[in-house]
Amino acid sequence: MRIKCEMDIINRLLPSMNVKKGGRSCHTQLSIGKKPQSDSKEGTLFLMVCTAQDKNGTKFQIKDNVEQIFAKFINEGKATIRFKDPEQDLCLCKADPLQLKNFLTLLRKASLGQNIDKINLSTLAPASNKGIDKPKTKLSVTSRKDYPLTKSFPSQLEHLHISQCRMKKIDSRIFQLKRLQHLDLRENVVEELPLTFSQLVNLRELILNSNRIQKLPSSLFLLPNWKQMLSLLDLSNNNITLLPVQLCELDNLVTLRVDHNKLETFPPTVGRLKKLKYLSASHNRIEVLPYSFMQLQLEHLDLFDNLFIDVTKSDLEEKEWQAPSLVECCARMIRKNRLPYSEDDLHAHLCRYLDSARVCWCGGFCFEGCVRALTSLSLQTFSPTVSAVDLQGRMTVPVLLFLCSPQCQRKYKRNPHAYWR
């Protein structure tokens, strides 16, 4: 039995000699077996450690020689094997958790002298180059002729770049790469995003610019791994007309690029993206910004070449207030408490109703029972580093806000530029 992992050997005698260990972990193949020419039944079992520097391997006797196995973080592919002679610790990491569990179970049984005759153990032999070579973690494919059709992607990939391959549908083999953190599929012809992205539990950066995406499935942004992990999303140069409100549930999103699309507005709850620092939405059809933009703490903002309307003064709609309906009262509470919902729980028209929520100046939600106001603000209100919105150097943009109650309306009349939330 053998496994591949990163390993560091710690000599426990060094601290007593006031010697500090140097070096770092290296890619290793660990094997359990018998020495060559040993009797198949009575041969002593050894643990052999092979590295690129030592292909013949270093052998550790197993029976009555394993002092302890530390496996608290085995689900993360980490463990430590402590030997009595020599007094060394083998610190393992980046191993496959399932293989590591089976390996340590066999090691524990062998160290206690338990019967393992039913397990077929081969004779120990020097490692091959394939066995000790460090697994490939980065792969770049920039033409169709280089695309791997007959063989699978390396299972340890963390960064994958595929461009100019005319990919219309994302290859299902990509979703089997459990360690993948960075996925770049720019300059293809991808038309839709599947929900199988949920299998990429470590995905942090997704680049999909220069494709043919028209619609973003809202349920995609409710995937637990997207909500907790995704930090960069690049959807530039597509045909997207609407950003779903569920996008605002991406708690760790830092960079959002949606340049060269057909967007007409931002989600009304965009201010919930508390960690968003870099936002680029140039060359779209945006006419006004939602007032929740004020809640963003951006470091860079680019809204060049949009269809922003001119607003010379604040424009407040006048209407008679009526008590909100029971449906609106329920909808306000659902959005206020951020309760998850989908078409599996509610009728489709109720889901669309909840998606249409507007954010009041005070931070509350409203639907039909509100009044609207239009004002203009400087881009420097949103970010210290901004680009002008047109070639004339214009730096002001129209902002649309909604007022959910007579109290909010009175406060807005007294001071249109106040923001008390």
# chains A, B, ... in the order shown; residues from 1 in each chain; ligands from 1
>>> residues_around(residues="region 43-59 of chain A", least_positions_apart="6", cutoff="7 Å", atoms="only C-alpha atoms", output="MDAnalysis selection string")
chainID A and resid 27:34 126:127 132
>>> residues_around(residues="Thr137 (chain A)", least_positions_apart="4", cutoff="12 Å", atoms="only C-alpha atoms", output="PyMOL selection string")
chain A and resi 133+153-161+177-182
>>> residues_around(residues="region 222-228 of chain A", least_positions_apart="3", cutoff="6 Å", atoms="only C-alpha atoms", output="PDB file with all heavy atoms, in the first residue's frame")
ATOM      1  N   VAL A 201     -15.525  22.928  -4.225  1.00  0.00           N
ATOM      2  CA  VAL A 201     -15.699  23.456  -2.865  1.00  0.00           C
ATOM      3  C   VAL A 201     -14.615  24.447  -2.468  1.00  0.00           C
ATOM      4  O   VAL A 201     -14.780  25.176  -1.483  1.00  0.00           O
ATOM      5  CB  VAL A 201     -15.743  22.292  -1.844  1.00  0.00           C
ATOM      6  CG1 VAL A 201     -16.971  21.434  -2.075  1.00  0.00           C
ATOM      7  CG2 VAL A 201     -14.477  21.428  -1.950  1.00  0.00           C
ATOM      8  N   SER A 219     -29.854  30.729  -8.325  1.00  0.00           N
ATOM      9  CA  SER A 219     -29.496  29.714  -7.325  1.00  0.00           C
ATOM     10  C   SER A 219     -27.989  29.481  -7.268  1.00  0.00           C
ATOM     11  O   SER A 219     -27.470  28.970  -6.275  1.00  0.00           O
ATOM     12  CB  SER A 219     -30.212  28.400  -7.632  1.00  0.00           C
ATOM     13  OG  SER A 219     -30.000  28.008  -8.972  1.00  0.00           O
ATOM     14  N   LEU A 250     -22.873  37.044  -1.766  1.00  0.00           N
ATOM     15  CA  LEU A 250     -21.476  36.607  -1.793  1.00  0.00           C
ATOM     16  C   LEU A 250     -20.691  37.393  -0.748  1.00  0.00           C
ATOM     17  O   LEU A 250     -20.181  38.479  -1.004  1.00  0.00           O
ATOM     18  CB  LEU A 250     -20.881  36.802  -3.194  1.00  0.00           C
ATOM     19  CG  LEU A 250     -21.604  36.071  -4.335  1.00  0.00           C
ATOM     20  CD1 LEU A 250     -20.905  36.341  -5.662  1.00  0.00           C
ATOM     21  CD2 LEU A 250     -21.674  34.582  -4.068  1.00  0.00           C
ATOM     22  N   ASP A 251     -20.583  36.820   0.442  1.00  0.00           N
ATOM     23  CA  ASP A 251     -20.052  37.551   1.598  1.00  0.00           C
ATOM     24  C   ASP A 251     -18.586  37.936   1.461  1.00  0.00           C
ATOM     25  O   ASP A 251     -18.144  38.903   2.088  1.00  0.00           O
ATOM     26  CB  ASP A 251     -20.243  36.707   2.867  1.00  0.00           C
ATOM     27  CG  ASP A 251     -21.710  36.467   3.182  1.00  0.00           C
ATOM     28  OD1 ASP A 251     -22.528  37.341   2.838  1.00  0.00           O
ATOM     29  OD2 ASP A 251     -22.042  35.420   3.760  1.00  0.00           O
TER      30      ASP A 251
END
>>> residues_around(residues="region 267-270 of chain A", least_positions_apart="4", cutoff="6 Å", atoms="only C-alpha atoms", output="JSON, numbers by chain")
{"A": [245, 248, 290, 358, 359]}
>>> closest_residue(among="A:Cys5, A:Leu100, A:Leu301, A:Val66", to="Val258 (chain A)", atoms="only C-alpha atoms")
A:Leu301
>>> residues_around(residues="region 336-353 of chain A", least_positions_apart="5", cutoff="12 Å", atoms="only C-alpha atoms", output="VMD selection string")
chain A and resid 217 to 223 244 to 246 248 to 249 269 272 327 to 331 358 to 360 362 to 368
>>> atom_distance(atom1="CA of Leu183 (chain A)", atom2="CA of Leu242 (chain A)")
22.8 Å
>>> atom_distance(atom1="CA of Ile309 (chain A)", atom2="CA of Gly369 (chain A)")
25.2 Å
>>> atom_distance(atom1="CA of Tyr147 (chain A)", atom2="CA of Ile170 (chain A)")
12.8 Å
>>> residues_around(residues="Asp64 (chain A)", least_positions_apart="4", cutoff="10 Å", atoms="only C-alpha atoms", output="number ranges by chain")
A: 83-85, 110-113
>>> closest_residue(among="A:Arg186, A:His300, A:Lys94, A:Arg108", to="Thr142 (chain A)", atoms="only C-alpha atoms")
A:Arg186
>>> residues_around(residues="Glu287 (chain A)", least_positions_apart="5", cutoff="12 Å", atoms="only C-alpha atoms", output="PyMOL selection string")
chain A and resi 262-266+303-311+374+376+389+397-400
>>> closest_residue(among="A:Ala388, A:Arg372, A:Leu273, A:Ser292", to="Lys319 (chain A)", atoms="only C-alpha atoms")
A:Arg372
>>> select_by_dssp(residues="region 123-287 of chain A", states="strand (DSSP E)", output="list in words")
Lys138, Leu139, Ser140, Val141, His159, Leu160, His161, Ile162, His182, Leu183, Asp184, Glu205, Leu206, Ile207, Leu232, Leu233, Asp234, Thr255, Leu256, Arg257, Tyr278, Leu279 and Ser280 of chain A
>>> write_last_selection(atoms="C-alpha atoms", output="PDB file, in the first residue's frame")
ATOM      1  CA  LYS A 138      -1.296  24.583 -12.687  1.00  0.00           C
ATOM      2  CA  LEU A 139      -2.449  23.968 -16.245  1.00  0.00           C
ATOM      3  CA  SER A 140      -2.922  26.374 -19.146  1.00  0.00           C
ATOM      4  CA  VAL A 141      -4.631  25.393 -22.410  1.00  0.00           C
ATOM      5  CA  HIS A 159      -5.197  26.768 -11.168  1.00  0.00           C
ATOM      6  CA  LEU A 160      -6.796  25.979 -14.524  1.00  0.00           C
ATOM      7  CA  HIS A 161      -6.758  28.306 -17.548  1.00  0.00           C
ATOM      8  CA  ILE A 162      -8.621  27.338 -20.732  1.00  0.00           C
ATOM      9  CA  HIS A 182      -8.714  29.509  -9.731  1.00  0.00           C
ATOM     10  CA  LEU A 183     -10.746  28.782 -12.882  1.00  0.00           C
ATOM     11  CA  ASP A 184     -10.172  30.917 -15.981  1.00  0.00           C
ATOM     12  CA  GLU A 205     -11.638  33.013  -8.394  1.00  0.00           C
ATOM     13  CA  LEU A 206     -13.834  32.561 -11.470  1.00  0.00           C
ATOM     14  CA  ILE A 207     -13.049  34.324 -14.760  1.00  0.00           C
ATOM     15  CA  LEU A 232     -13.195  37.328  -7.622  1.00  0.00           C
ATOM     16  CA  LEU A 233     -15.860  37.155 -10.322  1.00  0.00           C
ATOM     17  CA  ASP A 234     -15.141  38.373 -13.859  1.00  0.00           C
ATOM     18  CA  THR A 255     -13.510  42.014  -7.074  1.00  0.00           C
ATOM     19  CA  LEU A 256     -16.454  42.195  -9.499  1.00  0.00           C
ATOM     20  CA  ARG A 257     -15.979  42.924 -13.200  1.00  0.00           C
ATOM     21  CA  TYR A 278     -12.913  46.704  -6.877  1.00  0.00           C
ATOM     22  CA  LEU A 279     -15.949  47.227  -9.080  1.00  0.00           C
ATOM     23  CA  SER A 280     -15.800  47.714 -12.844  1.00  0.00           C
TER      24      SER A 280
END
>>> closest_residue(among="A:Glu76, A:Glu318, A:Asp355, A:Asp96", to="Leu247 (chain A)", atoms="only C-alpha atoms")
A:Asp355
>>> closest_atom_pairs(of="region 57-163 of chain A", to="region 7-16 of chain A", cutoff="12 Å", atoms="only C-alpha atoms", output="CSV")
residue,atom,partner,partner_atom,distance
A:Thr58,CA,A:Ile9,CA,11.4
A:Gly77,CA,A:Met7,CA,11.3
A:Lys78,CA,A:Met7,CA,9.6
A:Ala79,CA,A:Met7,CA,9.7
A:Thr80,CA,A:Met7,CA,9.3
A:Ile81,CA,A:Ile9,CA,9.7
A:Arg82,CA,A:Ile10,CA,9.4
A:Phe83,CA,A:Arg12,CA,10.0
A:Lys84,CA,A:Arg12,CA,10.2
A:Asp85,CA,A:Asn11,CA,10.7
A:Pro86,CA,A:Asn11,CA,8.3
A:Glu87,CA,A:Arg12,CA,5.8
A:Gln88,CA,A:Asn11,CA,4.5
A:Asp89,CA,A:Ile10,CA,5.0
A:Leu90,CA,A:Ile9,CA,4.8
A:Cys91,CA,A:Asp8,CA,5.1
A:Leu92,CA,A:Met7,CA,4.6
A:Cys93,CA,A:Met7,CA,6.3
A:Lys94,CA,A:Met7,CA,8.7
A:Ala95,CA,A:Met7,CA,9.4
A:Ile132,CA,A:Met7,CA,11.7
A:Lys134,CA,A:Met7,CA,11.8
>>> write_last_selection(atoms="N, CA and C atoms", output="compact mmCIF listing (two decimals), in the first residue's frame")
# COMPACT_ATOMS: atom_id res chain seq x y z
N THR A 58 14.03 5.49 2.66
CA THR A 58 14.43 5.24 4.04
C THR A 58 13.37 4.37 4.69
N GLY A 77 -6.36 15.97 5.25
CA GLY A 77 -5.20 15.34 4.63
C GLY A 77 -3.93 15.51 5.42
N LYS A 78 -4.06 15.71 6.75
CA LYS A 78 -2.89 15.95 7.60
C LYS A 78 -2.82 14.89 8.71
N ALA A 79 -1.59 14.49 9.05
CA ALA A 79 -1.38 13.53 10.15
C ALA A 79 0.10 13.55 10.51
N THR A 80 0.43 13.01 11.68
CA THR A 80 1.82 12.89 12.13
C THR A 80 2.04 11.47 12.67
N ILE A 81 3.11 10.82 12.22
CA ILE A 81 3.47 9.48 12.68
C ILE A 81 4.72 9.61 13.53
N ARG A 82 4.64 9.17 14.79
CA ARG A 82 5.78 9.29 15.72
C ARG A 82 6.41 7.92 15.93
N PHE A 83 7.69 7.80 15.59
CA PHE A 83 8.42 6.55 15.77
C PHE A 83 9.26 6.59 17.05
N LYS A 84 9.47 5.38 17.61
CA LYS A 84 10.32 5.28 18.80
C LYS A 84 11.80 5.27 18.42
N ASP A 85 12.15 4.49 17.39
CA ASP A 85 13.54 4.39 16.95
C ASP A 85 13.58 4.39 15.43
N PRO A 86 14.17 5.39 14.83
CA PRO A 86 14.77 6.59 15.45
C PRO A 86 13.69 7.53 15.98
N GLU A 87 14.11 8.45 16.84
CA GLU A 87 13.16 9.38 17.46
C GLU A 87 12.81 10.49 16.47
N GLN A 88 11.94 10.14 15.57
CA GLN A 88 11.56 11.08 14.51
C GLN A 88 10.04 11.10 14.32
N ASP A 89 9.55 12.25 13.88
CA ASP A 89 8.14 12.43 13.55
C ASP A 89 8.02 12.66 12.05
N LEU A 90 7.11 11.94 11.42
CA LEU A 90 6.81 12.16 10.01
C LEU A 90 5.54 13.00 9.93
N CYS A 91 5.67 14.25 9.52
CA CYS A 91 4.53 15.18 9.45
C CYS A 91 4.00 15.20 8.02
N LEU A 92 2.80 14.68 7.84
CA LEU A 92 2.21 14.53 6.52
C LEU A 92 1.16 15.61 6.28
N CYS A 93 1.07 16.07 5.05
CA CYS A 93 0.03 17.03 4.66
C CYS A 93 -0.25 16.88 3.17
N LYS A 94 -1.35 17.49 2.74
CA LYS A 94 -1.77 17.47 1.34
C LYS A 94 -1.94 16.04 0.81
N ALA A 95 -2.41 15.16 1.67
CA ALA A 95 -2.71 13.79 1.25
C ALA A 95 -4.20 13.66 0.98
N ILE A 132 7.27 9.90 -7.39
CA ILE A 132 7.78 10.95 -6.50
C ILE A 132 7.77 12.33 -7.12
N LYS A 134 6.41 15.82 -8.13
CA LYS A 134 5.40 16.66 -7.51
C LYS A 134 4.20 16.79 -8.43
>>> closest_residue(among="A:Cys165, A:Leu149, A:Met229, A:Met1", to="Ala125 (chain A)", atoms="only C-alpha atoms")
A:Met1
>>> select_by_dssp(residues="region 109-217 of chain A", states="helix (DSSP H, G or I)", output="list in words")
Lys109, Ala110, Ser111, Asn129, Lys130, Gly131, Ile132, Arg144, Lys145, Asp146, Ser172, Arg173, Ile174, Phe175, Gln176, Leu195, Thr196, Phe197, Ser198 and Gln199 of chain A
>>> write_last_selection(atoms="N, CA and C atoms", output="mmCIF file, in the first residue's frame")
data_model
loop_
_atom_site.group_PDB
_atom_site.id
_atom_site.type_symbol
_atom_site.label_atom_id
_atom_site.label_comp_id
_atom_site.auth_asym_id
_atom_site.auth_seq_id
_atom_site.Cartn_x
_atom_site.Cartn_y
_atom_site.Cartn_z
ATOM 1 N N LYS A 109 -2.655 -1.218 12.731
ATOM 2 C CA LYS A 109 -2.792 -2.666 12.937
ATOM 3 C C LYS A 109 -1.435 -3.357 12.902
ATOM 4 N N ALA A 110 -0.581 -2.945 11.950
ATOM 5 C CA ALA A 110 0.744 -3.557 11.836
ATOM 6 C C ALA A 110 1.607 -3.243 13.049
ATOM 7 N N SER A 111 1.489 -2.037 13.581
ATOM 8 C CA SER A 111 2.306 -1.666 14.753
ATOM 9 C C SER A 111 1.895 -2.431 15.997
ATOM 10 N N ASN A 129 10.066 7.609 -11.042
ATOM 11 C CA ASN A 129 9.980 9.064 -11.182
ATOM 12 C C ASN A 129 8.539 9.543 -11.090
ATOM 13 N N LYS A 130 7.617 8.778 -11.653
ATOM 14 C CA LYS A 130 6.206 9.148 -11.618
ATOM 15 C C LYS A 130 5.679 9.164 -10.188
ATOM 16 N N GLY A 131 6.181 8.265 -9.372
ATOM 17 C CA GLY A 131 5.681 8.167 -7.995
ATOM 18 C C GLY A 131 6.117 9.312 -7.105
ATOM 19 N N ILE A 132 7.268 9.904 -7.394
ATOM 20 C CA ILE A 132 7.783 10.947 -6.500
ATOM 21 C C ILE A 132 7.770 12.330 -7.118
ATOM 22 N N ARG A 144 -7.299 24.641 -29.170
ATOM 23 C CA ARG A 144 -8.100 23.409 -29.202
ATOM 24 C C ARG A 144 -7.230 22.167 -29.365
ATOM 25 N N LYS A 145 -6.133 22.276 -30.079
ATOM 26 C CA LYS A 145 -5.288 21.100 -30.314
ATOM 27 C C LYS A 145 -4.595 20.639 -29.028
ATOM 28 N N ASP A 146 -4.465 21.543 -28.041
ATOM 29 C CA ASP A 146 -3.814 21.180 -26.776
ATOM 30 C C ASP A 146 -4.810 20.707 -25.717
ATOM 31 N N SER A 172 -17.538 18.621 -17.888
ATOM 32 C CA SER A 172 -17.915 18.044 -16.588
ATOM 33 C C SER A 172 -16.715 17.528 -15.804
ATOM 34 N N ARG A 173 -15.617 17.217 -16.493
ATOM 35 C CA ARG A 173 -14.414 16.744 -15.792
ATOM 36 C C ARG A 173 -13.798 17.832 -14.924
ATOM 37 N N ILE A 174 -14.045 19.084 -15.273
ATOM 38 C CA ILE A 174 -13.503 20.189 -14.474
ATOM 39 C C ILE A 174 -14.099 20.179 -13.069
ATOM 40 N N PHE A 175 -15.370 19.788 -12.967
ATOM 41 C CA PHE A 175 -16.036 19.806 -11.664
ATOM 42 C C PHE A 175 -15.585 18.670 -10.750
ATOM 43 N N GLN A 176 -14.718 17.804 -11.227
ATOM 44 C CA GLN A 176 -14.155 16.749 -10.391
ATOM 45 C C GLN A 176 -12.848 17.171 -9.736
ATOM 46 N N LEU A 195 -25.242 24.290 -12.268
ATOM 47 C CA LEU A 195 -25.232 24.264 -10.803
ATOM 48 C C LEU A 195 -24.193 23.298 -10.260
ATOM 49 N N THR A 196 -23.550 22.522 -11.133
ATOM 50 C CA THR A 196 -22.498 21.611 -10.668
ATOM 51 C C THR A 196 -21.269 22.353 -10.174
ATOM 52 N N PHE A 197 -21.277 23.675 -10.236
ATOM 53 C CA PHE A 197 -20.208 24.453 -9.596
ATOM 54 C C PHE A 197 -20.143 24.166 -8.102
ATOM 55 N N SER A 198 -21.208 23.619 -7.545
ATOM 56 C CA SER A 198 -21.221 23.294 -6.117
ATOM 57 C C SER A 198 -20.164 22.256 -5.762
ATOM 58 N N GLN A 199 -19.685 21.488 -6.754
ATOM 59 C CA GLN A 199 -18.676 20.459 -6.496
ATOM 60 C C GLN A 199 -17.289 21.062 -6.306
#
